[in-house]
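K.L.:
This is the structure I have questions about; it appears just below.
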Amino acid sequence: MKEDSSVSVNQYKRRSLPSRILIAVSVTIGIIPIIIVMRMVSLLSSNEITTKLIIILGGIICCCQVMKAVFYGLSMWKAHDFAFSVLSEIRINMIGHLKKLSFSFFQKRKIGDLTNIINHDVDQTELYLAHGLPEITIAMLIPFVIAVSLLIMDVRLGLALISTVPLVFLYQKILNKLIAGKFMHYAKSTKKMSEDLIEYIATIPVIKAFSKEEKRTKKLLDGMDDYISWVKKMTVSISFPMTFSTMLMEGGLVVLAIVGSILLKDNKIDVNTFVLAIILGGIFSNTFAKLPIFHHMSIIFKNALREINSVMGVKPNNTNEINSNIKSGDIEFKNVDFSYDEDKKILKDINLVFKKHSINAIVGASGSGKTTIANLIMGFWKPSGGVINIDGKDISKISEHDLSRLVSIVQQEAFLFNMSIEENLRIGKKEATKKEIIEAAKKAQIHNMIMSLPKGYNTIVGESGAKLSGGEKQRLSIARMILKNSPVIILDEATSAIDSANEHLIKKALDNLGKNKTIITIAHHLNTVINADQIFVMENGRIVGNGSHEELLQDSKLYKKMIEEQACVDNWAIKEVVNS
């Protein structure tokens with residue numbers, strides 16, 4: 001599956017051809033015993049059969065039954081092997097594709113939506129390919145083989161049996177148009193319910209915190225009741241049309257019985273031919289009547305592919321070739337604008353330079369655009385206007401791999417995987433030796449804590465690092481960055497939610513992390529950035545001042561006001577401690 005192409009029904013049908021050929025052989029062989037039995041009855045009625053012939057014909061029937069079972073088993077094995085291969089292939093390719101998509105894609109799509117696609121919709125492809133497609137093949141092949149057999153036996157009986165088939169297909173086409181919207185609505189409702197459930201489960205701690213005052217649970221249950229009510233109404237609304245469709249499909253057997261009876265009365269066919277035709281006609285009708293059910297599986301499968309293609313059809317923004325010669329240097333913003341939509345600009349005409357190996361800070365109120373600048377440097381978003389250069393090279397022309405090698409970020413909320421501490425640290429450098437890991441942990445002021453744990457570096461941290469404190473997770477995140485050893489480090493509120501004891505340790509860790517690096521710190525606590533080489537002050541998406549701490553105190557009213565407000569907050573905090 002190519003990353004710039006969507007998956008399609010036809011490509012899977014082509015790849016399932018071996019299993020369908022095996023099914024075709026099984027179906028064809030399965031018809032032979034019926035014809036042989038009727039021939040035996042005919043010979044018995046005319047006393048033209050011998051014991052030897054009965055044994056021979058019985059042996060052929062047994063062989064046919066064995067071969068039918070063998071070919072059917074092989075077809076099911078091939079179908080399931082193919083289906084699970086496709087399921088695995090789609091999930092692997094989708095995960096690889098998601099990794100290449102821009103940050104903006106994940107801002108627009110809900111986690112519940114993507115989870116539902118990877119789990120539920122991909123499972124629907126396996127269900128259709130392993131079960132639906134083989135059954136559809138059988139439901140089409142058996143009527144076809146029987147119709148051909150009857151046409152060969154007696155054209156009149158064959159035409160009588162298939163007389164209602166054109167009406168069936170015409171009615172089914174009309175019915176499909178009528179219920180297509182209902183199935184689309186069903187798919188959307190299922191998707192929304194799944195999204196709501198995933199979101200609800202993820203936020204249960206918050207919901208429980210609000211106890212009886214929270215309304216989210218009732219809203220979810222009401223949504224599920226509405227979904228169930230709608231599904232029931234949909235089922236009732238399509239039941240009668242489906243019943244009429246089944247009646248038309250079985251109509252061929254009725255026509256066959258009438259025509260056959262007339263021909264038998266006029267001695268134009270014999271009893272054996274009539275009985276065989278009725279038996280085959282019954283199999284034809286029962287099998288043909290299953291087609292609408294399997295057709296619905298086909299509709300669900302197409303809806304699932306549509307959802308899968310809503311992800312796989314999105315082209316990665318950064319498809320540049322890897323260039324190991326790209327080096328770190330000055331980071332320069334030239335007339336950069338950015339907006340999430342056309343209505344509101346988040347950044348407006350940003351011009352700045354972060355010098356190589358310098359310590360920089362970006363300060364400003366929430367929503368002023370600080371983190372957006374960090375996201376642009378990381379390549380998560382593309383500027384709406386202007387250009388961003390690293391060492392004179394436009395970052396839009398730098399591959400995602402190279403950009404990731406150049407720039408790392410330590411965020412306020414450090415994310416850890418439910419693996420051991422050592423495995424989490426190896427994300428920074430997968431080929432790191434144990435000695436390098438320990439050295440990085442020591443620099444991050446976390447080694448002693450790790451060694452105090454019963455299993456040391458083999459300790460499992462829990463989902464999202466649930467078994468560790470915020471400060472411990474943050475220091476592990478810094479150790480990971482030390483191992484990665486990127487030349488540019490972005491610190492996005494790295495110490496804003498940490499207690500004073502952990503903050504002291506993290507500052508020491510950051511000092512070790514930032515040696516001979518270009519540091520860009522985004523902070524609300526201004527006392528953490530007063531020693532920066534240059535500080536950029538932001539307001540409403542613009543840079544309204546830059547310089548050292550002393551220069552800004554002289555030249556920037558906004559920065560001076562922010563410092564004064566910070567001092568008031570610190571003084572208030574001290575009074576609170578004293579009074580307690």
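Ordering of the structure tokens sets the chain letters (A, B, ...), residue numbers begin anew at 1 in every chain, and ligands are numbered from 1 in the order given.
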If you count only C-alpha atoms, which residues fall within 7 Å of A:Asp391, apart from same-chain ones fewer than 2 positions away, as JSON, numbers by chain?

P.N.:
{"A": [327, 328, 329, 330, 331, 389, 393]}

K.L.:
Sorted by chain and rising residue number, list the residues of stretch 257-370 of chain A at most 10 Å from stretch 117-121 of chain A (counting only C-alpha atoms), each with its closest atom pair and distance in Å to one decimal, as CSV.

P.N.:
residue,atom,partner,partner_atom,distance
A:Ile300,CA,A:Asp121,CA,9.0
A:Phe301,CA,A:Asp121,CA,8.1
A:Lys302,CA,A:Asp121,CA,9.9
A:Asn303,CA,A:Asp121,CA,8.3
A:Ala304,CA,A:Asp121,CA,4.8
A:Leu305,CA,A:Asp121,CA,7.4
A:Arg306,CA,A:Asp121,CA,9.2
A:Glu307,CA,A:Ile117,CA,6.5
A:Ile308,CA,A:Ile117,CA,6.3
A:Asn309,CA,A:Ile117,CA,9.8
A:Ser310,CA,A:Ile117,CA,9.4
A:Val311,CA,A:Ile117,CA,8.8

K.L.:
Just N, CA and C atoms for this one: save the residues we selected as a JSON list (two decimals), in the first residue's frame.

P.N.:
[["chain", "number", "residue", "atom", "x", "y", "z"],
["A", 300, "ILE", "N", -21.17, -1.97, 4.48],
["A", 300, "ILE", "CA", -20.41, -1.66, 5.70],
["A", 300, "ILE", "C", -18.91, -1.66, 5.42],
["A", 301, "PHE", "N", -18.48, -2.62, 4.58],
["A", 301, "PHE", "CA", -17.06, -2.71, 4.21],
["A", 301, "PHE", "C", -16.62, -1.45, 3.45],
["A", 302, "LYS", "N", -17.46, -0.99, 2.53],
["A", 302, "LYS", "CA", -17.11, 0.22, 1.77],
["A", 302, "LYS", "C", -17.08, 1.45, 2.67],
["A", 303, "ASN", "N", -18.01, 1.51, 3.63],
["A", 303, "ASN", "CA", -17.97, 2.62, 4.60],
["A", 303, "ASN", "C", -16.70, 2.57, 5.44],
["A", 304, "ALA", "N", -16.29, 1.35, 5.81],
["A", 304, "ALA", "CA", -15.05, 1.19, 6.59],
["A", 304, "ALA", "C", -13.85, 1.66, 5.78],
["A", 305, "LEU", "N", -13.80, 1.28, 4.48],
["A", 305, "LEU", "CA", -12.70, 1.73, 3.62],
["A", 305, "LEU", "C", -12.70, 3.24, 3.46],
["A", 306, "ARG", "N", -13.90, 3.82, 3.43],
["A", 306, "ARG", "CA", -14.00, 5.28, 3.30],
["A", 306, "ARG", "C", -13.36, 5.96, 4.51],
["A", 307, "GLU", "N", -13.62, 5.40, 5.69],
["A", 307, "GLU", "CA", -13.02, 5.96, 6.90],
["A", 307, "GLU", "C", -11.52, 5.75, 6.92],
["A", 308, "ILE", "N", -11.08, 4.57, 6.50],
["A", 308, "ILE", "CA", -9.63, 4.29, 6.44],
["A", 308, "ILE", "C", -8.96, 5.25, 5.48],
["A", 309, "ASN", "N", -9.61, 5.50, 4.34],
["A", 309, "ASN", "CA", -9.04, 6.41, 3.34],
["A", 309, "ASN", "C", -9.04, 7.86, 3.79],
["A", 310, "SER", "N", -9.90, 8.18, 4.77],
["A", 310, "SER", "CA", -9.90, 9.54, 5.31],
["A", 310, "SER", "C", -8.59, 9.83, 6.04],
["A", 311, "VAL", "N", -7.88, 8.73, 6.42],
["A", 311, "VAL", "CA", -6.54, 8.88, 7.02],
["A", 311, "VAL", "C", -5.47, 8.62, 5.98]]

K.L.:
Let me make sure I understand: among A:Ala361, A:Met312, A:Ile201, A:Thr372, which one has the smallest atom-to-atom distance to A:Gly96 if we use only C-alpha atoms?

P.N.:
A:Met312

K.L.:
Mind the document's chain letters and residue numbers, and return as number ranges by chain the residues of stretch 250-418 of chain A that DSSP labels strand (DSSP E).

P.N.:
A: 331-338, 347-354, 359-364, 385-390, 393-394, 407-411

K.L.:
Go ahead and save the picked residues with N, CA and C atoms, as a compact mmCIF listing (two decimals), in the first residue's frame.

P.N.:
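Written output follows (result_20.txt):
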# COMPACT_ATOMS: atom_id res chain seq x y z
N ILE A 331 18.51 30.21 14.12
CA ILE A 331 17.10 29.99 13.74
C ILE A 331 16.50 31.36 13.49
N GLU A 332 16.00 31.56 12.28
CA GLU A 332 15.52 32.88 11.89
C GLU A 332 14.09 32.83 11.37
N PHE A 333 13.24 33.69 11.93
CA PHE A 333 11.88 33.89 11.44
C PHE A 333 11.85 35.16 10.60
N LYS A 334 11.38 35.06 9.36
CA LYS A 334 11.29 36.22 8.48
C LYS A 334 9.84 36.47 8.08
N ASN A 335 9.25 37.52 8.63
CA ASN A 335 7.88 37.93 8.27
C ASN A 335 6.90 36.77 8.37
N VAL A 336 6.98 36.02 9.45
CA VAL A 336 6.16 34.81 9.59
C VAL A 336 4.77 35.15 10.12
N ASP A 337 3.77 34.65 9.40
CA ASP A 337 2.38 34.70 9.84
C ASP A 337 1.90 33.27 10.03
N PHE A 338 0.92 33.11 10.92
CA PHE A 338 0.33 31.78 11.07
C PHE A 338 -1.10 31.91 11.56
N LEU A 347 -0.17 34.30 14.74
CA LEU A 347 1.10 35.03 14.67
C LEU A 347 1.03 36.05 13.54
N LYS A 348 1.61 37.23 13.79
CA LYS A 348 1.53 38.31 12.81
C LYS A 348 2.90 38.93 12.61
N ASP A 349 3.44 38.75 11.42
CA ASP A 349 4.69 39.39 11.00
C ASP A 349 5.81 39.21 12.04
N ILE A 350 6.11 37.95 12.34
CA ILE A 350 7.15 37.64 13.33
C ILE A 350 8.53 37.68 12.67
N ASN A 351 9.42 38.51 13.23
CA ASN A 351 10.81 38.58 12.79
C ASN A 351 11.70 38.44 14.03
N LEU A 352 12.48 37.37 14.05
CA LEU A 352 13.37 37.15 15.20
C LEU A 352 14.51 36.22 14.79
N VAL A 353 15.56 36.23 15.61
CA VAL A 353 16.69 35.33 15.38
C VAL A 353 17.12 34.73 16.71
N PHE A 354 17.19 33.40 16.75
CA PHE A 354 17.77 32.70 17.90
C PHE A 354 19.18 32.29 17.48
N ILE A 359 21.01 31.40 24.75
CA ILE A 359 19.87 31.09 25.63
C ILE A 359 18.80 32.15 25.38
N ASN A 360 17.64 31.68 24.95
CA ASN A 360 16.56 32.60 24.56
C ASN A 360 15.31 32.30 25.37
N ALA A 361 14.46 33.29 25.51
CA ALA A 361 13.21 33.11 26.22
C ALA A 361 12.09 33.83 25.46
N ILE A 362 10.91 33.24 25.52
CA ILE A 362 9.71 33.86 24.96
C ILE A 362 8.70 33.97 26.08
N VAL A 363 8.25 35.19 26.36
CA VAL A 363 7.31 35.41 27.45
C VAL A 363 6.09 36.15 26.92
N GLY A 364 5.02 36.05 27.66
CA GLY A 364 3.78 36.71 27.26
C GLY A 364 2.60 36.01 27.90
N GLY A 385 2.49 32.40 6.15
CA GLY A 385 3.27 33.33 5.33
C GLY A 385 4.66 33.48 5.92
N GLY A 386 5.61 33.95 5.09
CA GLY A 386 6.98 34.11 5.55
C GLY A 386 7.76 32.81 5.51
N VAL A 387 8.95 32.83 6.11
CA VAL A 387 9.82 31.66 6.05
C VAL A 387 10.57 31.51 7.37
N ILE A 388 10.87 30.25 7.74
CA ILE A 388 11.67 29.94 8.93
C ILE A 388 12.92 29.20 8.47
N ASN A 389 14.08 29.71 8.83
CA ASN A 389 15.35 29.11 8.41
C ASN A 389 16.11 28.57 9.62
N ILE A 390 16.78 27.45 9.41
CA ILE A 390 17.78 26.96 10.37
C ILE A 390 19.10 26.86 9.63
N LYS A 393 18.74 27.48 5.96
CA LYS A 393 17.95 26.56 5.13
C LYS A 393 16.49 26.58 5.59
N ASP A 394 15.60 26.75 4.64
CA ASP A 394 14.16 26.78 4.90
C ASP A 394 13.74 25.43 5.51
N VAL A 407 16.13 19.31 16.51
CA VAL A 407 15.34 20.00 17.52
C VAL A 407 14.65 19.00 18.45
N SER A 408 14.71 19.26 19.76
CA SER A 408 13.97 18.48 20.75
C SER A 408 13.15 19.43 21.61
N ILE A 409 12.10 18.87 22.23
CA ILE A 409 11.25 19.71 23.07
C ILE A 409 10.98 19.02 24.39
N VAL A 410 11.06 19.78 25.48
CA VAL A 410 10.67 19.30 26.81
C VAL A 410 9.42 20.09 27.18
N GLN A 411 8.30 19.38 27.29
CA GLN A 411 7.03 20.05 27.54
C GLN A 411 6.63 19.99 29.00

K.L.:
If you measure from atom CA of A:Ser102 to atom CA of A:Phe380, what distance in Å do you get, rounded to one decimal?

P.N.:
5.5 Å

K.L.:
List as a list of chain:residue names the protein and nucleic acid residues near A:Lys435, meaning an atom at most 12 Å away when only C-alpha atoms are counted, but skip any in the same chain fewer than 5 places from it.

P.N.:
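Neighbouring residues, sequence-local ones excluded: A:Glu422, A:Arg426, A:Ala440, A:Ala441, A:Lys442, A:His447, A:Tyr457, A:Leu483.
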
K.L.:
Considering only C-alpha atoms, state which residue in the set A:Met378, A:Ala277, A:Ile228, A:Ile535 is at the smallest distance from A:Ile152.

P.N.:
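Under the stated criterion, the closest residue is A:Ala277.
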
K.L.:
Please identify all polymer residues within 7 Å of A:Thr287, counting only C-alpha atoms, omitting same-chain residues fewer than 3 positions from it, and present them as a list in words.

P.N.:
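Returned residues: Ala139, Pro143, Ile283, Phe284 and Lys290 of chain A.
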
K.L.:
When DSSP is applied to the backbone of this structure, which of stretch 240-470 of chain A are assigned alpha helix (DSSP H)? Write them out as an NGL selection string.

P.N.:
:A and (240-265 or 271-288 or 291-312 or 370-378 or 400-406 or 421-426 or 434-443 or 447-451 or 470)

K.L.:
Which residues are close to A:Ile446, i.e. within 12 Å by only C-alpha atoms, leaving aside same-chain residues fewer than 2 positions away? Reply as number ranges by chain.

P.N.:
A: 421, 425, 437-444, 448-453, 456-457, 468-469, 471-480, 502, 505-506, 508-509

K.L.:
Residues near A:Phe103, anyone? I mean within 9 Å using only C-alpha atoms, not counting same-chain ones fewer than 5 positions away, as a count of residues only.

P.N.:
4

K.L.:
In terms of the shortest atom-to-atom distance over only C-alpha atoms, which of A:Met234, A:Ala130, A:Val41, A:Ile162 is closest to A:Val255?

P.N.:
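Checking each of A:Met234, A:Ala130, A:Val41, A:Ile162 against A:Val255, counting only C-alpha atoms, the winner is A:Ile162.
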
K.L.:
Using only C-alpha atoms, can you tell me which of A:Val461, A:Ser366, A:Gln534, A:Phe169 comes closest to A:Asn546?

P.N.:
A:Gln534

K.L.:
Could you jot down the atom CA of A:Met224 to atom CA of A:Met184 separation for me, Å, one decimal place?

P.N.:
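Between atom CA of A:Met224 and atom CA of A:Met184 the gap works out to 17.7 Å.
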
K.L.:
Quick one: distance from atom CA of A:Ile522 to atom CA of A:Glu493 in Å, one decimal?

P.N.:
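Computing it gives 5.7 Å between the two atoms.
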